[in-house]
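> Here you go, start27.txt (compact mmCIF, C-alpha atoms):
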```txt
# COMPACT_ATOMS: atom_id res chain seq x y z
CA MET A 1 13.24 1.55 -12.86
CA LYS A 2 16.01 -0.74 -11.66
CA LYS A 3 17.10 -3.70 -13.72
CA GLN A 4 15.87 -7.04 -12.39
CA LEU A 5 18.40 -9.48 -10.99
CA PHE A 6 16.93 -12.42 -12.90
CA THR A 7 14.83 -12.90 -15.98
CA PRO A 8 11.94 -15.33 -15.52
CA GLN A 9 13.90 -17.82 -17.67
CA GLN A 10 16.90 -17.61 -15.32
CA LEU A 11 14.79 -17.76 -12.19
CA PHE A 12 13.23 -21.06 -13.27
CA HIS A 13 16.30 -22.69 -14.87
CA LEU A 14 19.43 -21.77 -12.86
CA LYS A 15 20.76 -24.21 -10.31
CA ARG A 16 20.11 -23.77 -6.61
CA LYS A 17 23.71 -22.92 -5.75
CA THR A 18 23.88 -20.18 -8.40
CA LEU A 19 20.58 -18.67 -7.26
CA GLU A 20 21.65 -18.71 -3.61
CA LYS A 21 24.93 -17.01 -4.43
CA ARG A 22 23.35 -14.30 -6.62
CA ILE A 23 20.51 -13.50 -4.21
CA THR A 24 22.90 -13.35 -1.26
CA ASN A 25 25.27 -11.04 -3.16
CA PHE A 26 22.33 -8.92 -4.29
CA TYR A 27 21.12 -8.50 -0.70
CA GLN A 28 24.60 -7.70 0.61
CA GLU A 29 25.08 -5.01 -2.06
CA THR A 30 21.65 -3.37 -1.95
CA GLU A 31 20.16 -4.42 1.41
CA ASN A 32 16.83 -4.61 -0.43
CA GLY A 33 15.02 -7.18 1.69
CA ASP A 34 11.74 -6.71 -0.15
CA MET A 35 13.16 -7.90 -3.49
CA ALA A 36 15.05 -10.75 -1.81
CA ILE A 37 11.79 -11.97 -0.24
CA LYS A 38 9.99 -11.71 -3.59
CA TYR A 39 12.69 -13.84 -5.22
CA LEU A 40 12.34 -16.40 -2.42
CA ILE A 41 8.57 -16.49 -3.01
CA ALA A 42 9.18 -17.17 -6.71
CA LEU A 43 11.57 -19.96 -5.76
CA GLN A 44 8.91 -21.46 -3.49
CA VAL A 45 6.64 -21.55 -6.54
CA ARG A 46 9.44 -23.24 -8.50
CA ASP A 47 9.77 -25.80 -5.70
CA GLU A 48 6.05 -26.61 -5.90
CA LEU A 49 6.01 -26.84 -9.70
CA GLY A 50 9.32 -28.56 -10.36
CA THR A 51 11.14 -31.68 -9.30
CA GLU A 52 14.24 -29.99 -7.85
CA ASP A 53 14.45 -29.25 -4.13
CA PHE A 54 14.18 -25.55 -3.29
CA ARG A 55 12.80 -25.94 0.24
CA TRP A 56 14.42 -23.88 2.97
CA MET A 57 16.15 -21.77 0.32
CA LEU A 58 18.25 -19.06 2.01
CA LYS A 59 16.62 -19.67 5.37
CA ASP A 60 19.14 -17.49 7.24
CA LEU A 61 18.64 -14.57 4.83
CA ALA A 62 14.85 -14.77 5.13
CA ARG A 63 15.05 -14.94 8.92
CA HIS A 64 17.38 -11.94 8.99
CA VAL A 65 15.11 -9.87 6.73
CA PHE A 66 11.97 -10.65 8.70
CA LEU A 67 13.45 -10.32 12.19
CA LYS A 68 16.02 -7.53 11.82
CA THR A 69 14.87 -5.12 9.11
CA LYS A 70 12.16 -2.48 9.12
CA ALA A 71 8.61 -3.76 8.72
CA THR A 72 7.45 -3.00 5.20
CA ARG A 73 4.32 -3.67 3.22
CA THR A 74 6.04 -6.47 1.31
CA LEU A 75 7.09 -8.21 4.52
CA ARG A 76 3.54 -7.93 5.88
CA ARG A 77 2.18 -9.33 2.66
CA TYR A 78 4.43 -12.39 2.36
CA PHE A 79 5.41 -13.28 5.95
CA ASN A 80 2.89 -16.11 6.15
CA TYR A 81 4.72 -18.07 3.43
CA PHE A 82 7.79 -18.33 5.68
CA LYS A 83 6.17 -19.68 8.84
CA ASN A 84 8.25 -22.88 8.75
CA TYR A 85 11.47 -20.84 8.89
CA PHE A 86 10.80 -19.71 12.49
CA THR A 87 10.30 -21.24 15.93
CA ALA A 88 6.93 -20.66 17.60
CA GLN A 89 8.37 -17.95 19.88
CA GLU A 90 10.10 -16.14 16.99
CA TRP A 91 6.92 -16.36 14.94
CA ARG A 92 4.81 -14.70 17.66
CA LYS A 93 7.42 -11.97 18.06
CA MET A 94 7.60 -11.35 14.32
CA VAL A 95 3.83 -11.29 13.84
CA ALA A 96 3.46 -8.81 16.69
CA ARG A 97 6.13 -6.58 15.17
CA LEU A 98 4.86 -6.77 11.58
CA LEU A 99 1.19 -6.41 12.37
CA SER A 100 1.34 -3.96 15.23
CA SER A 101 -1.32 -1.28 15.12
CA LYS A 102 1.36 1.40 15.40
CA ASN A 103 2.99 0.35 12.11
CA TRP A 104 -0.37 -0.11 10.42
CA LEU A 105 -1.61 3.27 11.60
CA ALA A 106 1.58 5.03 10.48
CA GLU A 107 1.22 3.51 7.01
CA LYS A 108 -2.45 4.53 6.74
CA LEU A 109 -1.70 8.07 7.94
CA ALA A 110 1.05 8.44 5.36
CA LYS A 111 -1.41 7.40 2.61
CA LEU A 112 -4.02 9.81 3.93
CA GLY A 113 -1.48 12.63 4.01
CA THR A 114 -0.63 12.16 0.34
CA LYS A 115 -4.33 12.07 -0.59
CA ILE A 116 -4.97 15.30 1.32
CA THR A 117 -1.99 16.96 -0.31
CA GLY A 118 -3.27 15.94 -3.74
CA MET A 119 -6.78 17.17 -2.98
CA THR A 120 -5.45 20.49 -1.67
CA ALA A 121 -3.46 21.02 -4.85
CA GLN A 122 -6.51 20.17 -6.92
CA ILE A 123 -8.72 22.60 -4.98
CA PHE A 124 -6.29 25.48 -5.18
CA ASN A 125 -5.67 24.99 -8.89
CA SER A 126 -9.22 26.33 -9.34
CA ALA A 127 -9.06 28.95 -6.56
CA VAL A 128 -11.17 32.09 -6.10
CA GLN A 129 -10.26 35.14 -4.08
CA THR A 130 -13.06 36.41 -1.81
CA SER A 131 -13.84 40.04 -1.08
CA GLU A 132 -11.97 39.69 2.23
CA GLY A 133 -8.84 38.59 0.35
CA ALA A 134 -8.96 34.92 1.32
CA VAL A 135 -8.18 32.36 -1.36
CA ILE A 136 -10.52 29.37 -1.35
CA GLY A 137 -11.37 26.58 -3.73
CA GLU A 138 -13.97 27.40 -6.38
CA GLN A 139 -16.21 24.52 -5.31
CA PHE A 140 -16.25 25.70 -1.70
CA PHE A 141 -16.97 29.24 -2.83
CA ALA A 142 -20.01 28.13 -4.87
CA GLY A 143 -21.36 26.02 -1.99
CA ASN A 144 -20.86 28.88 0.44
CA GLN A 145 -22.80 31.28 -1.80
CA LEU A 146 -25.68 28.83 -1.83
CA LEU A 147 -25.69 28.57 1.95
CA GLU A 148 -25.58 32.36 2.37
CA SER A 149 -28.83 32.92 0.47
CA PRO A 150 -30.99 35.71 1.91
CA PRO A 151 -33.40 34.40 4.58
CA ASN A 152 -36.48 35.39 2.62
CA GLN A 153 -35.48 32.96 -0.14
CA ILE A 154 -35.20 30.01 2.24
CA LYS A 155 -38.47 28.15 2.68
CA ALA A 156 -39.37 25.75 5.40
CA PRO A 157 -38.92 22.18 4.19
CA THR A 158 -42.17 20.55 3.23
CA ASP A 159 -40.72 17.66 1.25
CA PRO A 160 -39.59 14.37 2.80
CA PRO A 161 -35.87 14.20 3.67
CA LYS A 162 -34.83 12.24 0.57
CA LYS A 163 -36.50 14.73 -1.74
CA ARG A 164 -34.92 17.66 0.16
CA ARG A 165 -31.49 16.13 -0.30
CA TRP A 166 -32.20 15.62 -3.96
CA ARG A 167 -33.26 19.24 -4.42
CA LEU A 168 -30.19 20.47 -2.55
CA LEU A 169 -28.02 18.35 -4.82
CA GLU A 170 -29.78 19.82 -7.84
CA ARG A 171 -29.13 23.35 -6.56
CA LEU A 172 -25.50 22.56 -5.87
CA ASP A 173 -25.09 21.07 -9.31
CA MET A 174 -26.65 24.16 -10.93
CA VAL A 175 -24.38 26.48 -8.95
CA HIS A 176 -21.30 24.41 -9.70
CA SER A 177 -21.97 24.12 -13.45
CA SER A 178 -22.64 27.84 -14.01
```
Kindly return the structure encoded in the file as structure tokens.


Amino acid sequence: MKKQLFTPQQLFHLKRKTLEKRITNFYQETENGDMAIKYLIALQVRDELGTEDFRWMLKDLARHVFLKTKATRTLRRYFNYFKNYFTAQEWRKMVARLLSSKNWLAEKLAKLGTKITGMTAQIFNSAVQTSEGAVIGEQFFAGNQLLESPPNQIKAPTDPPKKRRWRLLERLDMVHSS
């Protein structure tokens, strides 16, 4: 974990000029726009709570981060707090870029990919090798055995659909637990 640029005490007690200089230097060294925006959000809170003027703090830096850097989750989350920093035309352009379905879809697909990878690892940690030599997850193997019951053991459903589902769940649970 990286060390924070400011402690909460510093963030709410340093003078405006000092804060501007440190945040600007921090951004120039690291090019971490997300943290710079988070600091600016904290300073907007300080402006609302305190008597000192922190409006329009580092306007050029905020505009640069929102208009020129890659759209990130942090920028999407906090862009609305900086509406006054932009003209109407710039605002429309920025909103279209930050909230485009392409960016949103790419982010969601990346999350889904990591979930699938995690599930695959979990399944194959409890793997079973079939008679054909294929390696499958133990849970899938148990469910497959249930579905491949001999036809004479399968009875025509006489129960209502909810009860059939319940009985199937009971059978699956019994197969899984044994």

> Counting all atoms listed in the file, find the residues whose atoms lie at most 8 Å from (18.5, -8.3, 1.2) (file coordinates) and write them out as a PDB file with C-alpha atoms, keeping the file's coordinate frame.


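So selection_2.pdb came out as:
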```pdb
ATOM      1  CA  ILE A  23      20.510 -13.500  -4.210  1.00  0.00           C
ATOM      2  CA  THR A  24      22.900 -13.350  -1.260  1.00  0.00           C
ATOM      3  CA  PHE A  26      22.330  -8.920  -4.290  1.00  0.00           C
ATOM      4  CA  TYR A  27      21.120  -8.500  -0.700  1.00  0.00           C
ATOM      5  CA  GLN A  28      24.600  -7.700   0.610  1.00  0.00           C
ATOM      6  CA  THR A  30      21.650  -3.370  -1.950  1.00  0.00           C
ATOM      7  CA  GLU A  31      20.160  -4.420   1.410  1.00  0.00           C
ATOM      8  CA  ASN A  32      16.830  -4.610  -0.430  1.00  0.00           C
ATOM      9  CA  GLY A  33      15.020  -7.180   1.690  1.00  0.00           C
ATOM     10  CA  ASP A  34      11.740  -6.710  -0.150  1.00  0.00           C
ATOM     11  CA  MET A  35      13.160  -7.900  -3.490  1.00  0.00           C
ATOM     12  CA  ALA A  36      15.050 -10.750  -1.810  1.00  0.00           C
ATOM     13  CA  ILE A  37      11.790 -11.970  -0.240  1.00  0.00           C
ATOM     14  CA  LEU A  61      18.640 -14.570   4.830  1.00  0.00           C
ATOM     15  CA  VAL A  65      15.110  -9.870   6.730  1.00  0.00           C
TER      16      VAL A  65
END
```

> Edge lengths and centre, in Å to one decimal, as AutoDock Vina command-line options: that's what I need for the box along x, y and z that holds all listed atoms of range 49-61 of chain A plus 3 Å on each side.


```
--center_x 12.6 --center_y -23.1 --center_z -1.6 --size_x 19.1 --size_y 23.1 --size_z 23.6
```

> If we count all atoms listed in the file, what is near Phe54 in chain A at a cut-off of 9 Å, once residues fewer than 4 positions away on the same chain are taken out, given as a ChimeraX atom specification?

/A:16,43-44,46-48

> Would you mind listing what lies within 9 Å of Lys93 in chain A as number ranges by chain, with all atoms listed in the file counted and same-chain residues fewer than 5 positions away left out?

A: 67, 88, 98

> Residues within 12 Å of Thr7 in chain A, please, as a list in words. Count only C-alpha atoms; anything in the same chain fewer than 4 positions from it doesn't count.

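With the cut-off at 12 Å, the set is Lys3, Leu11, Phe12, His13, Leu14, Leu19, Tyr39 and Ala42 of chain A.
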
> Might you pull out every residue within 8 Å of range 71-73 of chain A, with only C-alpha atoms counted and same-chain residues fewer than 3 positions away left off, and present them as a list in words?

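With the cut-off at 8 Å, the set is Asp34, Phe66, Arg76, Arg77, Arg97, Leu98 and Asn103 of chain A.
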
> Can you work out the spacing between CA of Phe79 in chain A and CA of His64 in chain A in Å, to one decimal?

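If I compute the distance from CA of Phe79 in chain A to CA of His64 in chain A, I get 12.4 Å.
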
> With distances taken over all atoms listed in the file, which residue among A:Tyr81, A:Asp53, A:Leu112, A:Leu75 lies nearest Lys17 in chain A?

A:Asp53

> Distance CA of Thr18 in chain A-CA of Thr87 in chain A, one decimal place?

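CA of Thr87 in chain A lies 27.9 Å from CA of Thr18 in chain A.
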
> Determine the nearest neighbour of Asp60 in chain A from the options A:Lys115, A:Leu99, A:Phe82, A:Lys15, counting all atoms listed in the file.

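Looking only at the distances to Asp60 in chain A, the closest residue turns out to be A:Phe82.
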
> One decimal, in Å: what's the spacing between CA of Gln9 in chain A and CA of Lys83 in chain A?

27.7 Å
